[in-house]
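Listing of entry_30.tsv; format and content: TSV, C-alpha atoms.
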chain	number	residue	atom	x	y	z
A	1	MET	CA	5.75	-31.30	-38.42
A	2	ILE	CA	3.59	-29.49	-40.93
A	3	ALA	CA	4.97	-26.14	-39.69
A	4	VAL	CA	8.56	-27.37	-40.00
A	5	GLY	CA	7.94	-28.59	-43.53
A	6	ARG	CA	6.43	-25.27	-44.52
A	7	LEU	CA	9.45	-23.42	-43.07
A	8	ARG	CA	11.91	-25.56	-45.07
A	9	LEU	CA	9.87	-25.07	-48.22
A	10	ALA	CA	9.93	-21.28	-47.71
A	11	ARG	CA	13.73	-21.29	-47.20
A	12	GLY	CA	14.26	-23.35	-50.34
A	13	PHE	CA	12.06	-20.97	-52.29
A	14	LEU	CA	14.08	-17.95	-51.06
A	15	GLU	CA	17.41	-19.63	-51.87
A	16	GLY	CA	16.13	-20.38	-55.35
A	17	LEU	CA	15.36	-16.70	-55.81
A	18	ARG	CA	18.84	-15.66	-54.59
A	19	ARG	CA	20.85	-17.99	-56.88
A	20	PRO	CA	19.89	-16.29	-60.17
A	21	ALA	CA	20.68	-12.93	-58.59
A	22	LEU	CA	24.13	-14.19	-57.53
A	23	VAL	CA	24.74	-15.61	-61.02
A	24	VAL	CA	23.76	-12.28	-62.59
A	25	ARG	CA	26.05	-10.37	-60.20
A	26	ALA	CA	28.99	-12.72	-60.90
A	27	ALA	CA	28.46	-12.40	-64.64
A	28	GLY	CA	28.31	-8.63	-64.32
A	29	ALA	CA	31.54	-8.59	-62.31
A	30	ALA	CA	33.31	-10.76	-64.88
A	31	THR	CA	32.07	-8.54	-67.69
A	32	SER	CA	33.32	-5.44	-65.89
A	33	LEU	CA	36.74	-7.06	-65.51
A	34	ARG	CA	36.92	-7.79	-69.24
A	35	ARG	CA	35.60	-4.36	-70.23
A	36	PRO	CA	38.37	-2.05	-71.51
A	37	PRO	CA	39.17	1.01	-69.42
A	38	PRO	CA	37.52	4.28	-70.37
A	39	PRO	CA	39.35	6.15	-73.12
A	40	VAL	CA	42.06	8.58	-72.08
A	41	PRO	CA	41.15	12.18	-72.85
A	42	GLY	CA	42.80	13.37	-76.03
A	43	PRO	CA	42.40	13.24	-79.80
A	44	SER	CA	40.16	10.59	-81.28
A	45	ARG	CA	41.63	7.31	-82.49
A	46	GLY	CA	41.00	8.05	-86.15
A	47	ARG	CA	43.05	11.24	-86.00
A	48	PRO	CA	46.89	11.12	-85.79
A	49	ARG	CA	48.23	12.39	-82.49
A	50	ILE	CA	50.99	14.42	-84.10
A	51	LEU	CA	51.69	15.72	-87.56
A	52	SER	CA	54.45	13.49	-88.89
A	53	ALA	CA	56.04	12.78	-92.23
A	54	ALA	CA	54.53	9.28	-92.21
A	55	ALA	CA	51.05	10.74	-91.58
A	56	ILE	CA	51.47	13.15	-94.51
A	57	VAL	CA	52.50	10.30	-96.81
A	58	ASP	CA	49.53	8.21	-95.64
A	59	ALA	CA	47.21	11.14	-96.38
A	60	ALA	CA	48.54	11.55	-99.94
A	61	PRO	CA	46.59	10.15	-102.93
A	62	ARG	CA	46.98	6.38	-103.00
A	63	PRO	CA	48.71	6.16	-106.44
A	64	LEU	CA	51.32	8.65	-105.22
A	65	GLN	CA	52.15	6.90	-101.95
A	66	PRO	CA	54.56	4.23	-103.32
A	67	TYR	CA	56.67	6.94	-104.94
A	68	LEU	CA	56.78	9.01	-101.75
A	69	ARG	CA	57.83	5.90	-99.82
A	70	LEU	CA	60.45	5.13	-102.47
A	71	MET	CA	61.91	8.59	-101.71
A	72	ARG	CA	61.65	7.72	-97.96
A	73	LEU	CA	59.60	10.86	-97.35
A	74	ASP	CA	57.86	8.91	-94.60
A	75	LYS	CA	61.27	8.51	-92.87
A	76	PRO	CA	62.95	11.94	-93.08
A	77	ILE	CA	65.87	11.11	-90.77
A	78	GLY	CA	68.05	10.26	-93.79
A	79	THR	CA	67.29	13.63	-95.38
A	80	TRP	CA	68.30	15.37	-92.15
A	81	LEU	CA	71.59	13.46	-92.01
A	82	LEU	CA	72.32	14.43	-95.63
A	83	TYR	CA	71.33	18.07	-95.14
A	84	LEU	CA	73.03	18.89	-91.84
A	85	PRO	CA	76.67	18.73	-93.06
A	86	CYS	CA	75.62	21.24	-95.74
A	87	THR	CA	74.33	23.60	-93.04
A	88	TRP	CA	77.61	23.31	-91.11
A	89	SER	CA	79.61	24.33	-94.16
A	90	ILE	CA	77.26	27.16	-95.12
A	91	GLY	CA	77.29	28.42	-91.53
A	92	LEU	CA	81.09	28.37	-91.28
A	93	ALA	CA	81.37	30.25	-94.58
A	94	ALA	CA	79.08	33.08	-93.45
A	95	GLU	CA	80.52	36.53	-92.86
A	96	PRO	CA	81.54	37.26	-89.23
A	97	GLY	CA	78.63	38.55	-87.19
A	98	CYS	CA	76.05	37.40	-89.76
A	99	PHE	CA	73.53	34.59	-90.00
A	100	PRO	CA	74.01	31.96	-92.73
A	101	ASP	CA	72.54	32.72	-96.14
A	102	TRP	CA	68.93	31.52	-95.81
A	103	TYR	CA	68.43	31.34	-99.58
A	104	VAL	CA	71.38	28.98	-99.96
A	105	LEU	CA	70.18	26.95	-96.97
A	106	SER	CA	66.77	26.54	-98.63
A	107	LEU	CA	68.36	25.52	-101.93
A	108	PHE	CA	70.40	22.86	-100.17
A	109	GLY	CA	67.30	21.72	-98.26
A	110	ALA	CA	65.45	21.13	-101.52
A	111	GLY	CA	68.53	19.45	-102.98
A	112	ALA	CA	68.85	17.16	-99.95
A	113	ILE	CA	65.25	15.96	-100.33
A	114	LEU	CA	65.70	15.28	-104.05
A	115	MET	CA	69.13	13.67	-103.86
A	116	ARG	CA	68.24	11.53	-100.89
A	117	GLY	CA	65.17	10.40	-102.82
A	118	ALA	CA	67.29	9.68	-105.89
A	119	GLY	CA	69.83	7.77	-103.80
A	120	CYS	CA	67.11	5.64	-102.21
A	121	THR	CA	65.60	4.95	-105.63
A	122	ILE	CA	68.97	3.79	-106.99
A	123	ASN	CA	69.58	1.73	-103.85
A	124	ASP	CA	66.20	-0.01	-104.11
A	125	MET	CA	66.66	-0.70	-107.81
A	126	TRP	CA	70.02	-2.37	-107.13
A	127	ASP	CA	68.83	-4.19	-103.99
A	128	GLN	CA	65.29	-5.28	-104.86
A	129	ASP	CA	66.17	-8.99	-104.81
A	130	TYR	CA	67.96	-8.65	-101.47
A	131	ASP	CA	65.21	-6.47	-99.99
A	132	ARG	CA	62.67	-9.25	-100.49
A	133	LYS	CA	64.77	-11.51	-98.23
A	134	VAL	CA	65.13	-9.03	-95.35
A	135	THR	CA	62.20	-8.59	-92.98
A	136	ARG	CA	62.69	-4.84	-92.47
A	137	THR	CA	62.94	-4.03	-96.20
A	138	ALA	CA	60.52	-6.53	-97.74
A	139	ASN	CA	57.73	-3.95	-97.96
A	140	ARG	CA	59.74	-1.37	-99.89
A	141	PRO	CA	57.81	-0.33	-103.02
A	142	ILE	CA	59.99	-2.02	-105.66
A	143	ALA	CA	60.59	-5.18	-103.62
A	144	ALA	CA	56.86	-5.43	-102.83
A	145	GLY	CA	55.90	-4.97	-106.49
A	146	ASP	CA	54.09	-1.65	-105.97
A	147	ILE	CA	56.38	0.03	-108.52
A	148	SER	CA	58.08	-1.61	-111.50
A	149	THR	CA	61.77	-1.16	-112.29
A	150	PHE	CA	60.87	0.91	-115.36
A	151	GLN	CA	58.59	3.20	-113.36
A	152	SER	CA	61.29	3.71	-110.75
A	153	LEU	CA	63.80	4.53	-113.50
A	154	VAL	CA	61.50	7.20	-114.93
A	155	PHE	CA	60.90	8.55	-111.43
A	156	LEU	CA	64.66	8.64	-110.84
A	157	GLY	CA	65.09	10.71	-114.00
A	158	GLY	CA	62.53	13.21	-112.73
A	159	GLN	CA	64.25	13.56	-109.35
A	160	LEU	CA	67.69	14.04	-110.90
A	161	SER	CA	66.31	16.63	-113.32
A	162	LEU	CA	64.86	18.67	-110.46
A	163	ALA	CA	68.09	18.30	-108.48
A	164	LEU	CA	70.00	19.60	-111.51
A	165	CYS	CA	67.76	22.68	-111.54
A	166	VAL	CA	68.74	23.33	-107.92
A	167	LEU	CA	72.43	22.80	-108.68
A	168	LEU	CA	72.30	25.27	-111.60
A	169	CYS	CA	71.34	28.01	-109.14
A	170	LEU	CA	74.90	27.84	-107.71
A	171	ASN	CA	78.21	29.15	-109.07
A	172	TYR	CA	80.16	27.28	-111.75
A	173	TYR	CA	82.69	25.83	-109.32
A	174	SER	CA	79.87	24.40	-107.19
A	175	ILE	CA	78.05	23.03	-110.23
A	176	ALA	CA	81.14	21.04	-111.25
A	177	LEU	CA	81.76	19.94	-107.65
A	178	GLY	CA	78.14	18.84	-107.19
A	179	ALA	CA	78.11	16.90	-110.46
A	180	ALA	CA	81.23	15.03	-109.34
A	181	SER	CA	79.28	13.47	-106.45
A	182	LEU	CA	76.86	11.63	-108.75
A	183	SER	CA	79.28	8.73	-109.30
A	184	LEU	CA	79.37	8.14	-105.53
A	185	VAL	CA	75.57	8.13	-105.39
A	186	VAL	CA	75.42	5.44	-108.09
A	187	ILE	CA	78.14	3.10	-106.80
A	188	TYR	CA	77.41	3.24	-103.06
A	189	PRO	CA	74.67	0.52	-103.14
A	190	LEU	CA	77.15	-1.89	-104.74
A	191	MET	CA	79.71	-1.52	-101.95
A	192	LYS	CA	77.86	-3.82	-99.54
A	193	ARG	CA	78.43	-6.66	-102.02
A	194	ILE	CA	82.21	-6.30	-102.19
A	195	THR	CA	83.47	-4.77	-98.93
A	196	TYR	CA	82.78	-4.74	-95.20
A	197	TRP	CA	83.11	-0.94	-95.35
A	198	PRO	CA	80.03	0.25	-97.31
A	199	GLN	CA	79.44	2.77	-94.50
A	200	LEU	CA	82.67	4.50	-95.53
A	201	ALA	CA	81.36	4.84	-99.08
A	202	LEU	CA	78.12	6.24	-97.68
A	203	GLY	CA	80.11	8.72	-95.58
A	204	LEU	CA	82.01	9.97	-98.63
A	205	THR	CA	78.67	10.42	-100.42
A	206	PHE	CA	76.49	11.83	-97.66
A	207	ASN	CA	78.97	14.49	-96.55
A	208	TRP	CA	79.74	15.97	-99.95
A	209	GLY	CA	77.68	18.95	-98.84
A	210	ALA	CA	80.45	19.84	-96.37
A	211	LEU	CA	82.51	20.78	-99.43
A	212	LEU	CA	79.69	22.08	-101.58
A	213	GLY	CA	78.17	24.40	-98.97
A	214	TRP	CA	81.40	26.34	-98.51
A	215	SER	CA	82.00	26.68	-102.26
A	216	ALA	CA	78.41	27.86	-102.80
A	217	ILE	CA	79.15	30.84	-100.51
A	218	LYS	CA	82.83	31.50	-101.20
A	219	GLY	CA	83.16	30.37	-104.82
A	220	SER	CA	85.76	27.68	-104.04
A	221	CYS	CA	86.83	25.34	-101.23
A	222	ASP	CA	89.21	26.35	-98.46
A	223	VAL	CA	91.08	23.08	-97.90
A	224	SER	CA	92.09	24.02	-94.33
A	225	VAL	CA	88.41	24.21	-93.30
A	226	CYS	CA	86.55	21.97	-95.74
A	227	LEU	CA	88.72	18.87	-95.49
A	228	PRO	CA	88.63	18.61	-91.66
A	229	LEU	CA	84.88	19.25	-91.78
A	230	TYR	CA	84.41	16.61	-94.49
A	231	LEU	CA	86.51	14.10	-92.53
A	232	SER	CA	84.40	14.78	-89.43
A	233	GLY	CA	81.24	14.14	-91.41
A	234	VAL	CA	82.60	10.86	-92.77
A	235	MET	CA	83.44	9.71	-89.24
A	236	TRP	CA	79.97	10.73	-88.09
A	237	THR	CA	78.40	8.62	-90.84
A	238	LEU	CA	80.54	5.64	-89.87
A	239	ILE	CA	79.18	6.01	-86.34
A	240	TYR	CA	75.47	6.30	-87.05
A	241	ASP	CA	75.32	3.95	-90.02
A	242	THR	CA	77.23	1.20	-88.22
A	243	ILE	CA	74.61	1.46	-85.46
A	244	TYR	CA	71.90	1.35	-88.14
A	245	ALA	CA	73.48	-1.72	-89.80
A	246	HIS	CA	73.25	-3.70	-86.56
A	247	GLN	CA	69.48	-3.89	-87.13
A	248	ASP	CA	69.96	-6.11	-90.19
A	249	LYS	CA	73.16	-7.98	-89.35
A	250	ARG	CA	71.49	-11.41	-89.08
A	251	ASP	CA	69.67	-11.09	-92.41
A	252	ASP	CA	72.76	-9.56	-94.07
A	253	ALA	CA	74.91	-12.47	-92.94
A	254	LEU	CA	72.40	-14.99	-94.30
A	255	ILE	CA	72.12	-13.41	-97.76
A	256	GLY	CA	75.80	-12.53	-98.13
A	257	LEU	CA	75.79	-8.73	-97.72
A	258	LYS	CA	78.60	-6.99	-95.83
A	259	SER	CA	78.68	-4.10	-93.36
A	260	THR	CA	80.81	-2.58	-90.63
A	261	ALA	CA	78.37	-4.09	-88.13
A	262	LEU	CA	79.46	-7.56	-89.30
A	263	ARG	CA	83.09	-6.45	-89.44
A	264	PHE	CA	83.23	-4.96	-85.92
A	265	ARG	CA	80.81	-7.33	-84.14
A	266	GLU	CA	81.40	-7.15	-80.38
A	267	ASP	CA	84.17	-4.57	-80.86
A	268	THR	CA	81.69	-2.06	-82.25
A	269	LYS	CA	81.86	0.34	-79.29
A	270	GLN	CA	85.64	0.56	-79.45
A	271	TRP	CA	85.54	1.40	-83.17
A	272	LEU	CA	82.78	3.96	-82.68
A	273	SER	CA	84.79	5.59	-79.91
A	274	CYS	CA	87.79	5.95	-82.24
A	275	PHE	CA	85.60	7.47	-84.96
A	276	SER	CA	84.20	9.91	-82.40
A	277	VAL	CA	87.68	11.10	-81.38
A	278	VAL	CA	88.62	11.72	-85.02
A	279	MET	CA	85.32	13.51	-85.64
A	280	LEU	CA	85.78	15.84	-82.68
A	281	GLY	CA	89.40	16.50	-83.70
A	282	GLY	CA	88.32	17.41	-87.22
A	283	LEU	CA	85.59	19.75	-85.96
A	284	THR	CA	88.07	21.46	-83.64
A	285	LEU	CA	90.61	21.93	-86.44
A	286	ALA	CA	87.96	23.31	-88.80
A	287	GLY	CA	86.89	25.78	-86.12
A	288	LEU	CA	90.45	26.92	-85.47
A	289	ASN	CA	91.09	27.47	-89.18
A	290	CYS	CA	88.07	29.75	-89.58
A	291	ASP	CA	88.48	31.64	-86.28
A	292	GLN	CA	85.44	30.21	-84.53
A	293	THR	CA	84.55	31.37	-81.02
A	294	ALA	CA	83.40	29.98	-77.66
A	295	PRO	CA	79.81	28.96	-78.62
A	296	TYR	CA	81.17	26.78	-81.42
A	297	TYR	CA	83.53	24.90	-79.12
A	298	ALA	CA	80.78	24.54	-76.53
A	299	ALA	CA	78.66	22.88	-79.24
A	300	VAL	CA	81.57	20.58	-80.16
A	301	ALA	CA	81.83	19.60	-76.48
A	302	ALA	CA	78.08	18.92	-76.39
A	303	VAL	CA	78.43	16.75	-79.50
A	304	GLY	CA	81.19	14.81	-77.75
A	305	ALA	CA	79.02	14.28	-74.68
A	306	HIS	CA	76.11	13.11	-76.83
A	307	LEU	CA	78.32	10.65	-78.70
A	308	ALA	CA	79.79	9.31	-75.46
A	309	ARG	CA	76.35	8.66	-73.99
A	310	GLN	CA	75.07	7.23	-77.28
A	311	ILE	CA	77.91	4.73	-77.55
A	312	TYR	CA	77.98	3.84	-73.84
A	313	THR	CA	74.25	3.03	-73.68
A	314	LEU	CA	74.06	1.33	-77.10
A	315	ASP	CA	72.78	-2.26	-77.15
A	316	ILE	CA	73.81	-3.65	-80.51
A	317	HIS	CA	71.63	-6.74	-79.99
A	318	LYS	CA	68.37	-4.76	-79.77
A	319	PRO	CA	67.20	-3.41	-83.14
A	320	GLU	CA	64.80	-0.95	-81.50
A	321	ASP	CA	67.64	0.55	-79.45
A	322	CYS	CA	69.83	0.75	-82.55
A	323	TRP	CA	67.06	2.66	-84.33
A	324	ASP	CA	66.64	5.06	-81.41
A	325	LYS	CA	70.37	5.75	-81.24
A	326	PHE	CA	70.55	6.18	-85.02
A	327	THR	CA	67.75	8.76	-85.13
A	328	SER	CA	69.22	10.68	-82.18
A	329	ASN	CA	72.06	11.78	-84.46
A	330	ARG	CA	69.81	14.47	-85.88
A	331	THR	CA	70.20	16.20	-82.51
A	332	ILE	CA	73.99	16.13	-82.92
A	333	GLY	CA	73.78	17.82	-86.30
A	334	ILE	CA	71.36	20.51	-85.12
A	335	VAL	CA	73.38	21.27	-81.97
A	336	LEU	CA	76.51	21.76	-84.06
A	337	PHE	CA	74.71	24.01	-86.56
A	338	VAL	CA	73.35	26.19	-83.75
A	339	GLY	CA	76.85	26.37	-82.27
A	340	ILE	CA	78.26	27.47	-85.63
A	341	MET	CA	75.64	30.21	-85.96
A	342	LEU	CA	76.15	31.52	-82.43
A	343	GLY	CA	79.93	31.28	-82.79
A	344	ASN	CA	79.76	33.31	-85.98
A	345	LEU	CA	77.55	35.96	-84.39
A	346	TRP	CA	79.96	36.09	-81.44
A	347	LYS	CA	82.73	37.24	-83.78
A	348	GLY	CA	80.99	40.53	-84.49
A	349	LYS	CA	80.79	42.24	-87.85
A	350	LYS	CA	84.01	43.53	-89.38
A	351	PRO	CA	83.89	47.27	-90.12
A	352	LYS	CA	83.51	48.00	-93.80
A	353	GLY	CA	86.80	48.80	-95.43
A	354	SER	CA	88.80	47.61	-92.42
A	355	LYS	CA	91.09	45.59	-94.63
A	356	GLU	CA	91.66	48.46	-97.00
A	357	ASN	CA	92.32	50.82	-94.07
A	358	GLY	CA	94.84	48.39	-92.67
A	359	ASP	CA	96.60	48.30	-96.03
A	360	LEU	CA	96.73	52.11	-96.07
A	361	ASP	CA	98.21	52.15	-92.57
A	362	LEU	CA	100.94	49.75	-93.64
A	363	GLY	CA	101.62	51.89	-96.69
A	364	ASN	CA	102.04	55.02	-94.57

Using structure tokens, write down the structure from this file.
Amino acid sequence: MIAVGRLRLARGFLEGLRRPALVVRAAGAATSLRRPPPPVPGPSRGRPRILSAAAIVDAAPRPLQPYLRLMRLDKPIGTWLLYLPCTWSIGLAAEPGCFPDWYVLSLFGAGAILMRGAGCTINDMWDQDYDRKVTRTANRPIAAGDISTFQSLVFLGGQLSLALCVLLCLNYYSIALGAASLSLVVIYPLMKRITYWPQLALGLTFNWGALLGWSAIKGSCDVSVCLPLYLSGVMWTLIYDTIYAHQDKRDDALIGLKSTALRFREDTKQWLSCFSVVMLGGLTLAGLNCDQTAPYYAAVAAVGAHLARQIYTLDIHKPEDCWDKFTSNRTIGIVLFVGIMLGNLWKGKKPKGSKENGDLDLGN
């Protein structure tokens, strides 16, 4: 009996020693389950993974950041969409067999940054009360109180002054033509209060460069090329900005603002398809009227394919998808510009004096 008692006592003692070990092991297992996975090899968390416009703005001196955001320098997609129609026009106006004028392209690039910034400043000054009521725009500098209306007005004056300096580098015809667009820049933000077609007003404004680029090279506008190109740009803006407007349609409806997104509703894809057909027709006509070649028409076909896929896969009820589709339009503009350049190089350079020689032959 004594031996049996001692044996039970020894077993109990051993079990008592095992329990804490089991508890420690269980706790360790639970901790390992909660522990985050080891970091993936790559740049450290504190360093941005890629150099982006937003990262540059965030790295700027803090007092300067609200002004850079007011210009939307942290979101350069709008600048691209303003600049690209200028590049199309400049490219089409280039001499056969030559690249576009890089100096003029750089001037228009600077002008696009400044005028887009000025347009956003005017828009935010007009819309500051509305912006406070829309989730996506509530943190804009004027609406958030980071910049006063007077400060934004002074900043606007500075941007327009610099843009005027760029404009004065062009010929007199282009100076007058560029100045004529200022009224569109000022009135566009008001259109969403009075019409369901503010995107049309934006298209007329944003694609002015399709006229101005040609005149900057040639000294005047060739209506047979510039008007179809301008019409194509307006249709393009109606496409991408309608998609963009679907992000805010609920807030816009609540606060009384209008847009083509609210006008088209579930018929949006049909309308966008019609705009695409007109855009492609205008691009084709512009190419025919300036003797473009195969690479240009291949680019127009690629633009058509991109638009078809964009519209077919669009989900107007998902703001993140609308944003992705909107930003993909930069690809459309770049593809067309590359096609214009290659199409122009395909033409080959005209021999010097060929026109004069032809005239002599006719005279003989």

Exercise for review: Considering only C-alpha atoms, state which residue in the set A:Tyr240, A:Trp88, A:Tyr67, A:Phe326 is at the smallest distance from Ile142 of chain A.
Suggested key: A:Tyr67

Review point. Out of A:Pro228, A:Gly343, A:Gly304, A:Gly119, which residue has the shortest atom-to-atom distance to Ala210 of chain A when counting all atoms listed in the file?
Key: A:Pro228

**Study point:** Ref. answer, residues at most 12 Å from (64.5, 12.8, -90.6) with all atoms listed in the file, as a PyMOL selection string
**Key:** chain A and resi 52-54+72-84+112-113+116+326-331+333-334

Just write the chosen residues, C-alpha atoms, as a short mmCIF file (atom, residue, chain, number, x, y, z; two decimals), in the frame of the given file.
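Result went into result-v2.cif, see below:
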data_model
loop_
_atom_site.label_atom_id
_atom_site.label_comp_id
_atom_site.auth_asym_id
_atom_site.auth_seq_id
_atom_site.Cartn_x
_atom_site.Cartn_y
_atom_site.Cartn_z
CA SER A 52 54.45 13.49 -88.89
CA ALA A 53 56.04 12.78 -92.23
CA ALA A 54 54.53 9.28 -92.21
CA ARG A 72 61.65 7.72 -97.96
CA LEU A 73 59.60 10.86 -97.35
CA ASP A 74 57.86 8.91 -94.60
CA LYS A 75 61.27 8.51 -92.87
CA PRO A 76 62.95 11.94 -93.08
CA ILE A 77 65.87 11.11 -90.77
CA GLY A 78 68.05 10.26 -93.79
CA THR A 79 67.29 13.63 -95.38
CA TRP A 80 68.30 15.37 -92.15
CA LEU A 81 71.59 13.46 -92.01
CA LEU A 82 72.32 14.43 -95.63
CA TYR A 83 71.33 18.07 -95.14
CA LEU A 84 73.03 18.89 -91.84
CA ALA A 112 68.85 17.16 -99.95
CA ILE A 113 65.25 15.96 -100.33
CA ARG A 116 68.24 11.53 -100.89
CA PHE A 326 70.55 6.18 -85.02
CA THR A 327 67.75 8.76 -85.13
CA SER A 328 69.22 10.68 -82.18
CA ASN A 329 72.06 11.78 -84.46
CA ARG A 330 69.81 14.47 -85.88
CA THR A 331 70.20 16.20 -82.51
CA GLY A 333 73.78 17.82 -86.30
CA ILE A 334 71.36 20.51 -85.12
#

Review point. Rounded to one decimal in Å, what is the spacing between atom CA of Gln247 of chain A and atom CA of Ser181 of chain A?
Key: 27.8 Å

Check your understanding: Residues around (88.9, 9.3, -84.6), cut-off 12 Å, counting only C-alpha atoms - what are they as a PyMOL selection string?
Key -> chain A and resi 228+231-236+238-239+270-283+304

Practice item. Find the distance between atom CA of Arg309 of chain A and atom CA of Lys325 of chain A and write it in Å to one decimal. Key: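 For atom CA of Arg309 of chain A relative to atom CA of Lys325 of chain A, the distance reads 9.8 Å.
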
Review point. Using all atoms listed in the file, which of the listed residues (A:Val225, A:Cys322, A:Ala286, A:Cys120) sits closest to Asp241 of chain A?
Key: A:Cys322

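Distance-wise, atom CA of Leu164 of chain A and atom CA of Gly117 of chain A end up 13.5 Å apart.
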
Review point. Leaving out Asp291 of chain A and any residue of its chain fewer than 6 positions from it, which residues lie within 10 Å of it when counting all atoms listed in the file, given as a list in words?
Key: Leu92, Pro96, Leu285, Gly343, Asn344 and Lys347 of chain A

Exercise for review: Please provide as a count of residues only all residues within 9 Å of segment 194-201 of chain A, with the sequence filter that same-chain residues fewer than 6 positions apart are discarded (counting only C-alpha atoms).
Suggested key: 18
